[in-house]
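Scroll down for the structure; my scribbles are underneath it.
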Amino acid sequence: MTFVTRILGGRRSESTGVRQQHATATHLKELFLLMQRYIREDEDIDRSGGGVYSPGLRDNAQDARNALFNQLKQIPGKEAYVALAEIAAQHPNASSRPWLASHARSKAEQDADLTPWSPAQVRDFHEHLDRTPTNHRELADLAIMRLLDLRDDLENGDDSVAKVLQRVQEETEMRNYLAHELRGKAQGRYTITQEEEFADDKRPDLRFHGAGFDAPVPAELKLAERWTGPGLFERLENQLSGDYLRDNRSASGIFALVNRTKGRRWQLPSGALVGFDGLLEALRAHWKSIANQHPHVDNITVIGINLSNRFV
């Protein structure tokens with residue numbers, strides 16, 4: 001009890017230290033669960049309606065324990081949400097778990113709210129039916145929309161060059177084409193680089209860069225017919241979320257697959273054989289199943305471009 005009150009202070013005292021290294025989502029979660037073992041909620045002192053009193057160590061300890069949880073709720077981002085969800089699942093008092101889970105849901109809803117548009121963005125959208133991104137999340141949304149537009153052009157457009165792309169031999173050639181098309185759709189709202197070298201020699205295929213802020217969005221490209229199912233699952237988890245999104249400026253990434261072979265099937269890690277659409281759904285489901293293991297990554301969007309649709 002003395003330990004937690006020294007860190008956070010009691011009802012009428014301030015924290016005695018200036019160090020705040022513990023004030024991360026992971027550390028606050030561990031401290032809160034640890035304090036629940038020694039400062040049990042069912043033993044809390046209820047002073048309501050009891051008149052004047054002088055708080056003792058137990059009063060200060062239970063307040064400090066609760067302050068850990070309140071401090072965690074104030075931290076923005078996915079890591080705090082994951083920590084709250086884990087508290088709800090691991091809390092020793094089963095009757096408290098639904099209440100704690102509601103706080104995790106509220107955190108997710110709060111973080112999902114979009115940043116209010118500036119007057120310049122409203123005017124930009126009115127004039128061009130588009131807006132210039134001002135942060136990482138908006139840049140990721142725009143990059144996804146541009147790739148979806150390109151997919152529609154290739155799969156359904158009257159002037160599709162899908163037949164030309166059938167002759168592409170290497171992923172680098174396909175990457176050059178996609179970068180060229182996406183750059184042509186930028187309208188000054190982003191720039192694209194290819195194979196930027198990181199400090200550990202890793203090179204993402206594409207990175208979208210916004211104007212006026214430093215928070216790039218990496219995109220990894222694969223020619224799907226040249227990969228096995230397990231190989232694509234491994235690349236999604238280890239290459240994109242494990243390597244290219246380690247940068248604390250980037251929390252969203254894109255996994256783009258291009259398929260050119262009609263009737264191609266992939267074996268999933270479960271052993272099932274699926275077509276291209278089934279592969280995409282399985283990759284999306286896999287990311288959802290492992291998302292909490294990557295609290296620094298907000299989202300990975302899997303986009304498939306099926307050029308074989310042009311040759312039915």
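Labels for the structure tokens follow display order: chains A, B, ..., residues from 1 in each chain, ligands from 1.
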
Neighbours of Ser96 in chain A within 12 Å (only C-alpha atoms; same-chain residues fewer than 6 positions away dropped), as a list in words?
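These residues fall inside the cut-off: Gln36, Arg40, Glu41, Asp42, Ile87, Ala88, Ala89, Gln90, Ser102 and His103 of chain A.
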
Those in range 17-237 of chain A with strand (DSSP E or B) from DSSP, as a list in words:
Tyr190, Thr191, Ile192, Thr193, Gln194, Leu206, Arg207, Phe208, His209, Gly210, Val217, Pro218, Ala219, Glu220, Leu221, Lys222 and Leu223 of chain A

Go ahead and save the residues from that selection, with C-alpha atoms, as a PDB file, in the first residue's frame.
```
ATOM      1  CA  TYR A 190       0.717  13.105 -50.870  1.00  0.00           C
ATOM      2  CA  THR A 191       3.972  11.856 -52.350  1.00  0.00           C
ATOM      3  CA  ILE A 192       5.093   8.257 -52.862  1.00  0.00           C
ATOM      4  CA  THR A 193       8.538   6.745 -52.437  1.00  0.00           C
ATOM      5  CA  GLN A 194       9.688   3.256 -53.386  1.00  0.00           C
ATOM      6  CA  LEU A 206       5.822   1.900 -51.180  1.00  0.00           C
ATOM      7  CA  ARG A 207       5.397   4.637 -48.593  1.00  0.00           C
ATOM      8  CA  PHE A 208       2.823   7.421 -48.738  1.00  0.00           C
ATOM      9  CA  HIS A 209       4.028  10.732 -47.288  1.00  0.00           C
ATOM     10  CA  GLY A 210       1.716  13.576 -46.322  1.00  0.00           C
ATOM     11  CA  VAL A 217       1.960   4.997 -44.445  1.00  0.00           C
ATOM     12  CA  PRO A 218       3.816   1.886 -45.721  1.00  0.00           C
ATOM     13  CA  ALA A 219       2.316  -0.427 -48.343  1.00  0.00           C
ATOM     14  CA  GLU A 220       3.639  -3.874 -49.199  1.00  0.00           C
ATOM     15  CA  LEU A 221       2.920  -5.391 -52.629  1.00  0.00           C
ATOM     16  CA  LYS A 222       2.825  -9.078 -53.534  1.00  0.00           C
ATOM     17  CA  LEU A 223       2.093 -10.891 -56.807  1.00  0.00           C
TER      18      LEU A 223
END
```

Do you have, as JSON lines, the list of residues of range 127-236 of chain A lying at most 10 Å from range 268-278 of chain A, each with its nearest atom pair and that distance in Å to one decimal, counting only C-alpha atoms and ordered by chain then number?
```
{"residue": "A:Ala224", "atom": "CA", "partner": "A:Phe276", "partner_atom": "CA", "distance": 8.4}
{"residue": "A:Glu225", "atom": "CA", "partner": "A:Phe276", "partner_atom": "CA", "distance": 9.1}
{"residue": "A:Thr228", "atom": "CA", "partner": "A:Leu268", "partner_atom": "CA", "distance": 8.5}
{"residue": "A:Gly229", "atom": "CA", "partner": "A:Leu268", "partner_atom": "CA", "distance": 5.2}
{"residue": "A:Pro230", "atom": "CA", "partner": "A:Pro269", "partner_atom": "CA", "distance": 5.6}
{"residue": "A:Gly231", "atom": "CA", "partner": "A:Pro269", "partner_atom": "CA", "distance": 9.4}
{"residue": "A:Leu232", "atom": "CA", "partner": "A:Leu268", "partner_atom": "CA", "distance": 9.5}
{"residue": "A:Phe233", "atom": "CA", "partner": "A:Pro269", "partner_atom": "CA", "distance": 8.2}
```

Report the residues of range 144-280 of chain A whose backbone DSSP state falls under alpha helix (DSSP H), written as a ChimeraX atom specification.
/A:144-156,162-165,171-184,229-234,276-280

Mind pulling up the distance from CA of His136 in chain A to CA of Asn248 in chain A?
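Pair CA of Asn248 in chain A / CA of His136 in chain A returns 11.2 Å.
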
To one decimal in Å, tell me the separation between CA of His294 in chain A and CA of Ala85 in chain A.
13.9 Å

Long-range neighbours of Asn135 in chain A as an mmCIF file with N, CA, C and O atoms, in the first residue's frame, 10 Å cut-off, only C-alpha atoms, 3 positions minimum in chain:
```cif
data_model
loop_
_atom_site.group_PDB
_atom_site.id
_atom_site.type_symbol
_atom_site.label_atom_id
_atom_site.label_comp_id
_atom_site.auth_asym_id
_atom_site.auth_seq_id
_atom_site.Cartn_x
_atom_site.Cartn_y
_atom_site.Cartn_z
ATOM 1 N N THR A 115 -11.009 13.472 -36.509
ATOM 2 C CA THR A 115 -10.607 14.834 -36.175
ATOM 3 C C THR A 115 -11.510 15.823 -36.906
ATOM 4 O O THR A 115 -11.769 15.647 -38.101
ATOM 5 N N THR A 132 -7.177 17.331 -48.322
ATOM 6 C CA THR A 132 -5.767 17.045 -48.066
ATOM 7 C C THR A 132 -5.601 16.531 -46.645
ATOM 8 O O THR A 132 -6.053 17.183 -45.698
ATOM 9 N N GLU A 138 -5.685 10.195 -41.533
ATOM 10 C CA GLU A 138 -6.309 10.701 -42.748
ATOM 11 C C GLU A 138 -5.505 10.307 -43.981
ATOM 12 O O GLU A 138 -6.081 10.014 -45.040
ATOM 13 N N LEU A 139 -4.180 10.281 -43.857
ATOM 14 C CA LEU A 139 -3.334 9.863 -44.974
ATOM 15 C C LEU A 139 -3.572 8.395 -45.311
ATOM 16 O O LEU A 139 -3.661 8.016 -46.486
ATOM 17 N N ALA A 140 -3.695 7.541 -44.289
ATOM 18 C CA ALA A 140 -3.966 6.125 -44.524
ATOM 19 C C ALA A 140 -5.310 5.945 -45.219
ATOM 20 O O ALA A 140 -5.437 5.141 -46.160
ATOM 21 N N GLY A 210 2.600 12.428 -46.299
ATOM 22 C CA GLY A 210 1.716 13.576 -46.322
ATOM 23 C C GLY A 210 2.482 14.878 -46.429
ATOM 24 O O GLY A 210 3.715 14.917 -46.340
ATOM 25 N N ALA A 211 1.743 15.957 -46.617
ATOM 26 C CA ALA A 211 2.348 17.283 -46.719
ATOM 27 C C ALA A 211 2.180 18.015 -45.391
ATOM 28 O O ALA A 211 1.066 18.172 -44.898
ATOM 29 N N GLY A 212 3.306 18.425 -44.797
ATOM 30 C CA GLY A 212 3.249 19.205 -43.568
ATOM 31 C C GLY A 212 3.277 18.396 -42.295
ATOM 32 O O GLY A 212 3.193 18.964 -41.208
ATOM 33 N N PHE A 213 3.375 17.081 -42.374
ATOM 34 C CA PHE A 213 3.513 16.245 -41.181
ATOM 35 C C PHE A 213 4.303 14.992 -41.564
ATOM 36 O O PHE A 213 4.318 14.567 -42.708
ATOM 37 N N ASP A 214 4.998 14.436 -40.570
ATOM 38 C CA ASP A 214 5.901 13.316 -40.812
ATOM 39 C C ASP A 214 5.316 12.054 -40.190
ATOM 40 O O ASP A 214 5.609 11.718 -39.038
ATOM 41 N N ALA A 215 4.464 11.356 -40.935
ATOM 42 C CA ALA A 215 3.827 10.129 -40.446
ATOM 43 C C ALA A 215 3.473 9.259 -41.653
ATOM 44 O O ALA A 215 2.308 9.165 -42.042
ATOM 45 N N PRO A 216 4.472 8.631 -42.284
ATOM 46 C CA PRO A 216 4.235 7.896 -43.529
ATOM 47 C C PRO A 216 3.399 6.634 -43.336
ATOM 48 O O PRO A 216 3.335 6.072 -42.237
#
```

Ranking A:Glu170, A:Ile144, A:Ala179, A:Ala186 by minimum distance to Phe255 in chain A and counting only C-alpha atoms, which one comes first?
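For Phe255 in chain A, the nearest of the given residues is A:Ile144.
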
Residues within 10 Å of Leu72 in chain A, only C-alpha atoms, excluding chain neighbours under 5 positions, as a list in words
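Residues near the query, excluding close chain neighbours: Ala23, Thr24, Ala25, Thr26, His27, Leu28, Lys29, Phe32, Ala67, Glu79, Ala80, Tyr81, Ala83 and Leu84 of chain A.
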
Write a file of the just-selected residues containing C-alpha atoms, as a PDB file, in the first residue's frame.
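Here's the written file selection18.pdb:
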```
ATOM      1  CA  ALA A  23       2.929   6.012 -16.985  1.00  0.00           C
ATOM      2  CA  THR A  24       2.685   3.801 -20.070  1.00  0.00           C
ATOM      3  CA  ALA A  25      -0.287   1.639 -20.978  1.00  0.00           C
ATOM      4  CA  THR A  26       1.572  -1.614 -20.343  1.00  0.00           C
ATOM      5  CA  HIS A  27       3.059  -0.575 -16.998  1.00  0.00           C
ATOM      6  CA  LEU A  28      -0.173   0.954 -15.714  1.00  0.00           C
ATOM      7  CA  LYS A  29      -2.059  -2.227 -16.596  1.00  0.00           C
ATOM      8  CA  PHE A  32      -3.277  -1.973 -11.554  1.00  0.00           C
ATOM      9  CA  ALA A  67      -5.992   6.460 -10.002  1.00  0.00           C
ATOM     10  CA  GLU A  79      -2.174   0.303 -26.785  1.00  0.00           C
ATOM     11  CA  ALA A  80      -4.346   1.764 -24.017  1.00  0.00           C
ATOM     12  CA  TYR A  81      -7.427   0.035 -25.426  1.00  0.00           C
ATOM     13  CA  ALA A  83      -4.500  -2.751 -21.854  1.00  0.00           C
ATOM     14  CA  LEU A  84      -8.067  -1.948 -20.757  1.00  0.00           C
TER      15      LEU A  84
END
```

Tell me which of A:Ser308, A:Gln293, A:Ala251, A:Gln74 sits closest to Gly263 in chain A, counting only C-alpha atoms.
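For Gly263 in chain A, the nearest of the candidates is A:Ser308.
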